[in-house]
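Source file: work.cif. Holds: mmCIF, C-alpha atoms.
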data_target
#
loop_
_atom_site.label_atom_id
_atom_site.label_comp_id
_atom_site.auth_asym_id
_atom_site.auth_seq_id
_atom_site.Cartn_x
_atom_site.Cartn_y
_atom_site.Cartn_z
CA MET T 1 0.00 0.00 0.00
CA HIS T 2 1.81 3.10 -1.26
CA ILE T 3 0.65 6.27 0.48
CA THR T 4 1.97 9.51 -0.96
CA PHE T 5 1.88 12.97 0.56
CA LEU T 6 2.51 15.87 -1.82
CA PHE T 7 4.66 18.55 -0.18
CA TYR T 8 4.96 22.07 -1.59
CA GLN T 9 6.17 25.45 -0.35
CA GLY T 10 3.64 27.21 1.88
CA MET T 11 1.55 24.13 2.67
CA THR T 12 -0.05 23.92 6.11
CA ALA T 13 1.93 21.55 8.33
CA LEU T 14 -1.04 20.11 10.23
CA ASP T 15 -2.84 19.28 6.96
CA VAL T 16 0.02 16.85 6.35
CA VAL T 17 0.94 15.66 9.82
CA GLY T 18 -2.56 14.87 11.13
CA PRO T 19 -3.23 12.31 8.38
CA HIS T 20 0.43 11.23 8.27
CA GLU T 21 0.33 10.23 11.94
CA ILE T 22 -2.63 7.97 11.15
CA LEU T 23 -1.99 6.60 7.65
CA SER T 24 1.67 5.79 8.34
CA ARG T 25 0.44 3.31 11.00
CA LEU T 26 -1.55 1.23 8.51
CA PRO T 27 -0.28 -2.33 8.09
CA GLY T 28 2.10 -2.54 5.13
CA ALA T 29 2.09 1.22 4.60
CA ARG T 30 4.89 2.46 2.39
CA VAL T 31 4.79 6.18 2.88
CA HIS T 32 6.23 8.64 0.38
CA ARG T 33 6.78 12.29 1.20
CA VAL T 34 7.32 13.88 -2.17
CA ALA T 35 7.93 17.38 -3.52
CA LYS T 36 8.94 18.89 -6.83
CA HIS T 37 12.47 18.52 -5.52
CA SER T 38 13.33 16.52 -2.40
CA GLY T 39 14.68 18.38 0.63
CA PRO T 40 13.31 20.58 3.41
CA ILE T 41 10.01 22.25 2.43
CA PRO T 42 8.84 25.41 4.25
CA THR T 43 5.27 25.35 5.54
CA ASP T 44 3.10 28.41 6.15
CA SER T 45 4.04 28.33 9.85
CA GLN T 46 7.83 28.43 9.18
CA LEU T 47 8.34 24.82 10.26
CA PHE T 48 10.17 22.84 7.56
CA LEU T 49 9.09 19.27 6.75
CA MET T 50 11.47 17.02 4.86
CA ALA T 51 10.46 15.66 1.47
CA ASP T 52 12.38 12.43 0.90
CA GLU T 53 11.59 12.00 -2.77
CA SER T 54 11.06 14.07 -5.91
CA LEU T 55 7.95 13.88 -8.08
CA SER T 56 9.86 12.09 -10.83
CA GLU T 57 10.61 9.18 -8.48
CA ILE T 58 6.93 8.33 -7.99
CA SER T 59 5.08 6.77 -10.92
CA HIS T 60 2.15 5.27 -9.01
CA THR T 61 0.53 5.50 -5.61
CA ASP T 62 -2.45 3.81 -4.00
CA VAL T 63 -3.34 6.78 -1.81
CA LEU T 64 -2.57 10.39 -2.73
CA LEU T 65 -3.00 13.18 -0.20
CA ILE T 66 -2.79 16.87 -1.11
CA PRO T 67 -2.54 19.32 1.81
CA GLY T 68 -3.87 22.86 1.69
CA SER T 69 -2.17 26.18 2.28
CA GLY T 70 -2.93 29.39 4.13
CA SER T 71 -2.68 31.17 0.78
CA ALA T 72 -5.18 28.73 -0.79
CA THR T 73 -2.80 28.26 -3.67
CA THR T 74 -3.92 26.19 -6.65
CA LEU T 75 -0.29 25.70 -7.74
CA LYS T 76 -1.22 27.34 -11.03
CA LYS T 77 2.40 28.45 -11.42
CA GLU T 78 3.52 24.84 -11.07
CA PRO T 79 1.92 23.10 -14.07
CA GLU T 80 4.26 20.12 -13.77
CA ILE T 81 2.96 19.43 -10.24
CA LEU T 82 -0.64 19.62 -11.47
CA GLU T 83 0.23 17.27 -14.34
CA TRP T 84 1.82 14.84 -11.85
CA VAL T 85 -1.32 14.99 -9.65
CA ARG T 86 -3.49 14.23 -12.70
CA ARG T 87 -1.26 11.31 -13.67
CA MET T 88 -1.21 9.83 -10.15
CA HIS T 89 -5.00 10.11 -9.93
CA MET T 90 -5.42 7.81 -12.94
CA THR T 91 -4.36 4.74 -10.92
CA THR T 92 -5.00 5.65 -7.27
CA LEU T 93 -7.36 3.74 -5.02
CA TRP T 94 -8.01 6.96 -3.12
CA THR T 95 -7.29 10.54 -4.15
CA THR T 96 -7.62 12.84 -1.17
CA SER T 97 -7.12 16.39 0.02
CA VAL T 98 -7.20 18.40 3.22
CA CYS T 99 -8.40 22.00 3.50
CA THR T 100 -7.67 24.04 0.36
CA GLY T 101 -5.80 21.08 -1.09
CA SER T 102 -9.10 20.42 -2.85
CA LEU T 103 -8.54 23.57 -4.92
CA ILE T 104 -5.36 21.94 -6.21
CA LEU T 105 -7.34 18.83 -7.13
CA GLY T 106 -9.79 21.19 -8.80
CA ALA T 107 -7.07 22.98 -10.74
CA ALA T 108 -5.83 19.58 -11.89
CA GLY T 109 -9.28 18.96 -13.36
CA ILE T 110 -10.15 16.15 -10.96
CA LEU T 111 -13.25 17.57 -9.24
CA LYS T 112 -15.46 18.22 -12.29
CA ASP T 113 -19.01 17.08 -11.42
CA LEU T 114 -17.83 15.55 -8.12
CA ARG T 115 -19.06 16.40 -4.65
CA ALA T 116 -16.20 17.99 -2.71
CA THR T 117 -15.42 20.23 0.23
CA THR T 118 -12.66 22.56 1.43
CA HIS T 119 -11.90 25.08 4.18
CA TRP T 120 -15.11 26.96 5.01
CA ALA T 121 -13.60 30.32 4.03
CA ALA T 122 -12.62 29.01 0.58
CA PHE T 123 -15.87 27.20 -0.08
CA GLU T 124 -17.10 29.31 -2.99
CA ARG T 125 -13.83 28.83 -4.81
CA LEU T 126 -14.65 25.20 -5.47
CA GLU T 127 -17.24 26.25 -8.01
CA ALA T 128 -14.54 27.53 -10.37
CA TYR T 129 -13.64 23.87 -10.90
CA GLU T 130 -17.19 22.68 -11.60
CA ALA T 131 -17.22 20.72 -8.36
CA ILE T 132 -20.51 20.16 -6.55
CA SER T 133 -19.49 22.05 -3.41
CA THR T 134 -20.74 20.15 -0.39
CA ARG T 135 -20.34 20.95 3.28
CA GLY T 136 -19.03 18.13 5.46
CA ARG T 137 -16.17 17.18 7.74
CA TYR T 138 -15.05 15.09 4.77
CA VAL T 139 -16.92 14.41 1.56
CA ILE T 140 -16.66 11.16 -0.39
CA ASP T 141 -17.41 10.85 -4.09
CA GLY T 142 -16.18 7.55 -5.46
CA LYS T 143 -12.46 7.38 -4.78
CA VAL T 144 -12.10 11.11 -4.21
CA VAL T 145 -12.28 12.20 -0.56
CA THR T 146 -11.89 15.86 0.35
CA ALA T 147 -11.67 17.12 3.94
CA ALA T 148 -12.67 20.47 5.41
CA GLY T 149 -10.13 22.85 6.99
CA VAL T 150 -6.78 21.75 8.47
CA SER T 151 -7.81 19.57 11.45
CA ALA T 152 -10.47 17.76 9.39
CA GLY T 153 -7.67 15.73 7.82
CA ILE T 154 -7.47 13.74 11.06
CA ASP T 155 -11.11 12.66 10.80
CA MET T 156 -10.73 11.89 7.10
CA ALA T 157 -7.64 9.77 7.71
CA LEU T 158 -9.51 7.68 10.28
CA PHE T 159 -12.25 7.12 7.70
CA LEU T 160 -9.67 6.07 5.10
CA SER T 161 -8.01 3.76 7.64
CA SER T 162 -11.33 2.10 8.22
CA LYS T 163 -11.84 1.55 4.50
CA ILE T 164 -8.29 0.27 3.98
CA ALA T 165 -7.71 -1.82 7.12
CA GLY T 166 -11.15 -2.17 8.69
CA PRO T 167 -12.99 -0.39 11.49
CA LEU T 168 -11.20 -2.20 14.33
CA PHE T 169 -7.82 -1.15 13.01
CA ALA T 170 -9.00 2.44 12.56
CA GLN T 171 -10.22 2.44 16.15
CA THR T 172 -6.87 1.07 17.31
CA ILE T 173 -5.10 3.98 15.65
CA GLN T 174 -7.63 6.39 17.15
CA LEU T 175 -6.94 5.04 20.63
CA GLY T 176 -3.18 5.09 19.94
CA ILE T 177 -3.29 8.82 19.26
CA GLU T 178 -5.88 9.23 22.04
CA TYR T 179 -8.16 11.10 19.68
CA ASP T 180 -10.97 11.90 22.05
CA PRO T 181 -11.21 15.59 21.24
CA TYR T 182 -12.31 18.03 23.90
CA PRO T 183 -11.42 21.59 22.93
CA PRO T 184 -12.00 24.34 25.51
CA TYR T 185 -14.48 26.03 23.15
CA ASP T 186 -17.08 24.75 20.71
CA ALA T 187 -16.23 27.33 18.10
CA GLY T 188 -14.55 25.43 15.29
CA SER T 189 -17.12 25.77 12.53
CA PRO T 190 -18.57 28.92 10.95
CA GLU T 191 -22.03 27.98 12.26
CA LYS T 192 -20.81 27.72 15.85
CA ALA T 193 -18.33 30.62 15.88
CA ASN T 194 -19.00 34.11 17.12
CA CYS T 195 -20.20 36.22 14.17
CA ALA T 196 -17.56 38.95 14.54
CA ILE T 197 -14.80 36.34 14.69
CA ARG T 198 -16.12 34.63 11.59
CA GLN T 199 -16.39 37.85 9.61
CA SER T 200 -12.95 39.18 10.52
CA LEU T 201 -11.27 35.84 9.86
CA PHE T 202 -13.09 35.47 6.52
CA ALA T 203 -11.95 38.94 5.43
CA ARG T 204 -8.38 38.27 6.52
CA MET T 205 -8.23 34.92 4.74
CA GLN T 206 -9.71 36.29 1.51
CA ALA T 207 -6.94 38.88 1.50
CA ALA T 208 -4.31 36.17 1.94
CA PHE T 209 -5.68 33.88 -0.79
CA GLU T 210 -3.90 33.96 -4.13
CA MET B 211 6.51 35.89 23.50
CA HIS B 212 9.15 33.19 22.91
CA ILE B 213 7.59 29.77 22.31
CA THR B 214 10.03 26.88 22.18
CA PHE B 215 9.43 23.35 20.95
CA LEU B 216 11.99 20.74 21.99
CA PHE B 217 12.75 18.33 19.15
CA TYR B 218 14.49 14.99 19.71
CA GLN B 219 14.97 11.75 17.76
CA GLY B 220 11.91 9.51 17.85
CA MET B 221 9.43 12.16 18.98
CA THR B 222 5.87 11.91 17.68
CA ALA B 223 5.30 14.40 14.86
CA LEU B 224 1.68 15.25 15.71
CA ASP B 225 2.62 16.01 19.33
CA VAL B 226 4.65 18.88 17.91
CA VAL B 227 2.66 19.97 14.88
CA GLY B 228 -0.80 20.13 16.48
CA PRO B 229 0.28 22.72 19.07
CA HIS B 230 2.72 24.35 16.62
CA GLU B 231 -0.09 25.08 14.17
CA ILE B 232 -1.93 26.90 16.97
CA LEU B 233 0.77 28.58 19.07
CA SER B 234 2.70 29.89 16.05
CA ARG B 235 -0.40 31.99 15.21
CA LEU B 236 -0.36 33.89 18.51
CA PRO B 237 0.28 37.63 18.15
CA GLY B 238 3.96 38.38 18.58
CA ALA B 239 4.91 34.70 18.72
CA ARG B 240 8.60 34.06 18.23
CA VAL B 241 8.75 30.33 17.70
CA HIS B 242 11.90 28.30 18.30
CA ARG B 243 12.27 24.73 17.09
CA VAL B 244 15.26 23.47 18.99
CA ALA B 245 17.17 20.21 19.28
CA LYS B 246 20.46 19.09 20.81
CA HIS B 247 21.91 19.91 17.42
CA SER B 248 19.98 21.81 14.74
CA GLY B 249 19.08 19.97 11.53
CA PRO B 250 16.51 17.42 10.39
CA ILE B 251 15.16 15.35 13.30
CA PRO B 252 13.56 11.93 12.63
CA THR B 253 10.16 11.36 14.24
CA ASP B 254 8.71 7.97 15.13
CA SER B 255 6.74 7.94 11.86
CA GLN B 256 9.84 8.50 9.68
CA LEU B 257 8.88 12.04 8.79
CA PHE B 258 11.75 14.46 9.54
CA LEU B 259 11.03 17.86 11.08
CA MET B 260 13.66 20.57 10.88
CA ALA B 261 15.15 21.98 14.09
CA ASP B 262 16.37 25.49 13.33
CA GLU B 263 18.35 26.03 16.52
CA SER B 264 20.51 24.11 18.97
CA LEU B 265 19.86 23.95 22.72
CA SER B 266 22.84 26.18 23.43
CA GLU B 267 21.26 29.01 21.42
CA ILE B 268 18.23 29.26 23.73
CA SER B 269 18.78 30.70 27.20
CA HIS B 270 15.17 31.61 28.03
CA THR B 271 11.69 30.92 26.73
CA ASP B 272 8.23 32.02 27.82
CA VAL B 273 6.54 28.81 26.72
CA LEU B 274 8.28 25.43 26.58
CA LEU B 275 6.62 22.45 24.91
CA ILE B 276 7.98 18.90 25.17
CA PRO B 277 6.47 16.33 22.78
CA GLY B 278 6.17 12.64 23.57
CA SER B 279 7.46 9.59 21.75
CA GLY B 280 6.11 6.20 20.77
CA SER B 281 8.93 4.70 22.83
CA ALA B 282 7.93 6.80 25.86
CA THR B 283 11.54 7.85 26.24
CA THR B 284 12.55 9.88 29.27
CA LEU B 285 15.76 11.01 27.52
CA LYS B 286 17.68 9.46 30.39
CA LYS B 287 20.63 8.96 28.05
CA GLU B 288 20.61 12.67 27.25
CA PRO B 289 21.33 14.33 30.61
CA GLU B 290 22.30 17.60 28.94
CA ILE B 291 18.81 17.85 27.40
CA LEU B 292 17.20 17.19 30.79
CA GLU B 293 19.46 19.81 32.36
CA TRP B 294 18.42 22.30 29.64
CA VAL B 295 14.73 21.55 30.30
CA ARG B 296 15.26 22.15 34.01
CA ARG B 297 17.04 25.44 33.31
CA MET B 298 14.36 26.67 30.89
CA HIS B 299 11.62 25.80 33.39
CA MET B 300 13.10 28.18 35.95
CA THR B 301 11.93 31.24 33.98
CA THR B 302 9.06 30.02 31.79
CA LEU B 303 5.55 31.39 32.00
CA TRP B 304 4.25 27.98 30.90
CA THR B 305 6.05 24.64 30.90
CA THR B 306 4.05 22.13 28.87
CA SER B 307 4.12 18.64 27.45
CA VAL B 308 2.11 16.44 25.11
CA CYS B 309 1.65 12.69 25.54
CA THR B 310 4.67 10.98 27.12
CA GLY B 311 6.54 14.28 27.00
CA SER B 312 5.40 14.54 30.63
CA LEU B 313 7.72 11.64 31.47
CA ILE B 314 10.58 13.84 30.24
CA LEU B 315 9.37 16.65 32.51
CA GLY B 316 9.22 14.05 35.26
CA ALA B 317 12.75 12.84 34.59
CA ALA B 318 13.89 16.46 34.75
CA GLY B 319 12.43 16.63 38.26
CA ILE B 320 9.71 19.12 37.37
CA LEU B 321 6.59 17.12 38.24
CA LYS B 322 7.30 16.34 41.91
CA ASP B 323 4.07 16.87 43.87
CA LEU B 324 2.32 18.32 40.81
CA ARG B 325 -0.86 17.07 39.18
CA ALA B 326 0.00 15.83 35.69
CA THR B 327 -1.19 13.55 32.91
CA THR B 328 0.24 11.60 29.97
CA HIS B 329 -0.79 9.06 27.32
CA TRP B 330 -3.32 6.66 28.88
CA ALA B 331 -1.06 3.65 28.30
CA ALA B 332 1.85 5.31 30.13
CA PHE B 333 -0.20 6.62 33.00
CA GLU B 334 1.32 4.54 35.78
CA ARG B 335 4.80 5.65 34.79
CA LEU B 336 4.12 9.14 36.07
CA GLU B 337 4.29 7.86 39.63
CA ALA B 338 8.02 7.18 39.31
CA TYR B 339 8.47 10.97 39.27
CA GLU B 340 6.31 11.62 42.35
CA ALA B 341 3.70 13.35 40.21
CA ILE B 342 0.06 13.27 41.29
CA SER B 343 -1.14 11.36 38.23
CA THR B 344 -4.44 12.86 37.10
CA ARG B 345 -6.62 11.89 34.16
CA GLY B 346 -7.69 14.74 31.90
CA ARG B 347 -7.47 15.96 28.33
CA TYR B 348 -4.93 18.38 29.77
CA VAL B 349 -4.06 18.98 33.40
CA ILE B 350 -3.02 22.34 34.80
CA ASP B 351 -0.96 22.77 37.95
CA GLY B 352 0.37 26.28 38.30
CA LYS B 353 2.42 27.01 35.20
CA VAL B 354 2.84 23.34 34.28
CA VAL B 355 0.32 22.01 31.78
CA THR B 356 0.50 18.40 30.62
CA ALA B 357 -1.69 16.96 27.85
CA ALA B 358 -2.90 13.41 27.30
CA GLY B 359 -1.90 11.35 24.23
CA VAL B 360 -0.79 12.85 20.90
CA SER B 361 -3.94 14.65 19.66
CA ALA B 362 -4.61 16.17 23.10
CA GLY B 363 -1.87 18.70 22.37
CA ILE B 364 -4.33 20.49 20.07
CA ASP B 365 -6.82 21.00 22.89
CA MET B 366 -4.07 22.06 25.29
CA ALA B 367 -2.68 24.58 22.80
CA LEU B 368 -6.12 26.19 22.45
CA PHE B 369 -6.28 26.48 26.25
CA LEU B 370 -2.81 28.08 26.32
CA SER B 371 -3.82 30.46 23.50
CA SER B 372 -6.78 31.54 25.55
CA LYS B 373 -4.58 32.23 28.58
CA ILE B 374 -1.97 34.09 26.53
CA ALA B 375 -4.10 36.03 24.03
CA GLY B 376 -7.64 35.76 25.37
CA PRO B 377 -10.63 33.54 24.58
CA LEU B 378 -11.67 35.42 21.43
CA PHE B 379 -8.24 34.99 19.92
CA ALA B 380 -8.19 31.29 20.83
CA GLN B 381 -11.56 30.86 19.16
CA THR B 382 -10.28 32.66 16.06
CA ILE B 383 -7.43 30.18 15.78
CA GLN B 384 -9.86 27.31 16.36
CA LEU B 385 -12.06 28.53 13.50
CA GLY B 386 -8.97 29.10 11.34
CA ILE B 387 -7.98 25.45 11.65
CA GLU B 388 -11.68 24.47 11.49
CA TYR B 389 -11.29 22.41 14.66
CA ASP B 390 -14.80 21.06 14.91
CA PRO B 391 -13.82 17.43 15.41
CA TYR B 392 -16.07 14.68 14.15
CA PRO B 393 -14.22 11.36 13.99
CA PRO B 394 -16.03 8.40 12.39
CA TYR B 395 -15.82 6.51 15.70
CA ASP B 396 -16.10 7.55 19.34
CA ALA B 397 -13.25 5.29 20.42
CA GLY B 398 -10.40 7.60 21.33
CA SER B 399 -10.20 7.05 25.08
CA PRO B 400 -9.60 3.81 27.00
CA GLU B 401 -13.05 4.13 28.59
CA LYS B 402 -14.77 4.35 25.21
CA ALA B 403 -12.64 1.88 23.26
CA ASN B 404 -13.43 -1.74 22.62
CA CYS B 405 -11.85 -3.82 25.41
CA ALA B 406 -9.87 -6.12 23.10
CA ILE B 407 -8.47 -3.14 21.21
CA ARG B 408 -7.46 -1.48 24.46
CA GLN B 409 -5.74 -4.57 25.85
CA SER B 410 -3.81 -5.41 22.69
CA LEU B 411 -2.69 -1.81 22.18
CA PHE B 412 -1.66 -1.52 25.84
CA ALA B 413 0.45 -4.69 25.59
CA ARG B 414 2.05 -3.55 22.34
CA MET B 415 2.88 -0.11 23.71
CA GLN B 416 4.35 -1.48 26.94
CA ALA B 417 6.68 -3.61 24.83
CA ALA B 418 7.76 -0.54 22.85
CA PHE B 419 8.38 1.66 25.88
CA GLU B 420 11.98 2.07 26.96
#
Would you put the structure from the file into structure tokens?
Amino acid sequence: MHITFLFYQGMTALDVVGPHEILSRLPGARVHRVAKHSGPIPTDSQLFLMADESLSEISHTDVLLIPGSGSATTLKKEPEILEWVRRMHMTTLWTTSVCTGSLILGAAGILKDLRATTHWAAFERLEAYEAISTRGRYVIDGKVVTAAGVSAGIDMALFLSSKIAGPLFAQTIQLGIEYDPYPPYDAGSPEKANCAIRQSLFARMQAAFE
Amino acid sequence: MHITFLFYQGMTALDVVGPHEILSRLPGARVHRVAKHSGPIPTDSQLFLMADESLSEISHTDVLLIPGSGSATTLKKEPEILEWVRRMHMTTLWTTSVCTGSLILGAAGILKDLRATTHWAAFERLEAYEAISTRGRYVIDGKVVTAAGVSAGIDMALFLSSKIAGPLFAQTIQLGIEYDPYPPYDAGSPEKANCAIRQSLFARMQAAFE
């Protein structure tokens, strides 16, 4: 089971590391951390994550995961990455994204007529790619699974683990990472958040988006 | 506000990156990712995270965060790291840990007579350090805050954000990372998990612990 994480400059670290912590524990997982060029890749929080392989070294993967970015980039200036994503998607078992990673799938032409989600503040941008934008912690359409913002990748990865290795194994991983969430506030979705917080964050994120 | 993450070989990536995604967004945050020697540090899931600074470059920090490890190491073979942790703790505003990182705080002598928690499968090991072992998603005793296993660092970091920058700011970060958890199973604590899963995972983790 080859599981490949696409790394790129400015990606959000938790989009990668939440699912990585889970999917790398699957039985027989062969995990690939791949970027245009291997080496340390800067995230949007200054932390660097190491890409061990370059795109050209990966010709097939069973699971592909595309993280998002605080700038909601679609990698439009990186056509060779988009072409690689398109090529990988042809033979994946699961093509997945976290947060605004779905906009990259969209830009690669993969979301046309598919139900998909993304970070709540980027939701309307999905329509540019003819996706059927759908709210959900993660949204499944055939082999394409897209997660909502950042932390939603953890929930999506547990779902994928269940599909790949069965529900008991997924629950074992969940207990291993003690994922029994209990945040001090119940304010993590636009419906639950304070209105002023939601509006100011939305405005700030729109300004940051490419 | 200096916020310092201790990196070491074999640490759990999500223990670092969950809180890092949150605390690095605090206003005026100056984040330090520090290891015995700077450079790429291997985690227990093979992913390498980059440490930008060496221990000797950091003489004070306001917030210290110690991640755990799948091997539940106490860094007993690294006395200079434990000595550094002890020295940092003397002037922190908050000394914190995620998962079995609390065993490192314990080995540094910081948990004596303090209420503290850790990963559920390592819970009894806290007693070796004269801590008052206390179950909780995160446990606060004065300026020492210890989180439960792996993913609990996210909840703890939101609590710390609230203390440092106020509840509205913490909620803004929570909405930014869309932390509205909804895992496919409710099986992330030993009380909620299937008994056979809990027992087999406990046995496996005990065997892995140093």
Expand the PyMOL selection byres ((chain T) within 8 of (chain B)) into the individual residues it matches in the shown file, reporting them as a ChimeraX atom specification. /T:13-14,17-18,20-21,24-25,33,40,45,47-50,119-120,137,148-152,154-156,158-159,168,171-172,174-190,193,197-198,201
Please return as a JSON list (two decimals) with C-alpha atoms, in the coordinates of the input every residue within 10 Å of (4.7, 13.4, 43.9), taking into account all atoms listed in the file and the file's own coordinates.
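point.json, freshly written:
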[["chain", "number", "residue", "atom", "x", "y", "z"],
["B", 316, "GLY", "CA", 9.22, 14.05, 35.26],
["B", 321, "LEU", "CA", 6.59, 17.12, 38.24],
["B", 322, "LYS", "CA", 7.30, 16.34, 41.91],
["B", 323, "ASP", "CA", 4.07, 16.87, 43.87],
["B", 324, "LEU", "CA", 2.32, 18.32, 40.81],
["B", 325, "ARG", "CA", -0.86, 17.07, 39.18],
["B", 326, "ALA", "CA", 0.00, 15.83, 35.69],
["B", 336, "LEU", "CA", 4.12, 9.14, 36.07],
["B", 337, "GLU", "CA", 4.29, 7.86, 39.63],
["B", 338, "ALA", "CA", 8.02, 7.18, 39.31],
["B", 339, "TYR", "CA", 8.47, 10.97, 39.27],
["B", 340, "GLU", "CA", 6.31, 11.62, 42.35],
["B", 341, "ALA", "CA", 3.70, 13.35, 40.21],
["B", 342, "ILE", "CA", 0.06, 13.27, 41.29],
["B", 343, "SER", "CA", -1.14, 11.36, 38.23]]
Using the chain letters and numbering of this document, enumerate as an MDAnalysis selection string the residues selected by the PyMOL selection byres ((chain T and resi 62-67) around 8). chainID T and resid 1:7 11:12 15:16 60:61 68:69 88:89 91:102 104:105
What separates atom CA of Leu55 of chain T and atom CA of Ala108 of chain T is a distance of 15.4 Å
Coordinates-based distance that separates atom CA of Gly166 of chain T from atom CA of Ile140 of chain T (Å, one decimal):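 These atoms are spaced 17.0 Å apart.
As for atom CA of Ala147 of chain T and atom CA of Leu103 of chain T, they are spaced 11.4 Å apart.
Among the candidates B:Ile291, B:Ala245, B:Ala332, B:Val349, the one nearest to Ser264 of chain B when counting only C-alpha atoms is B:Ala245.
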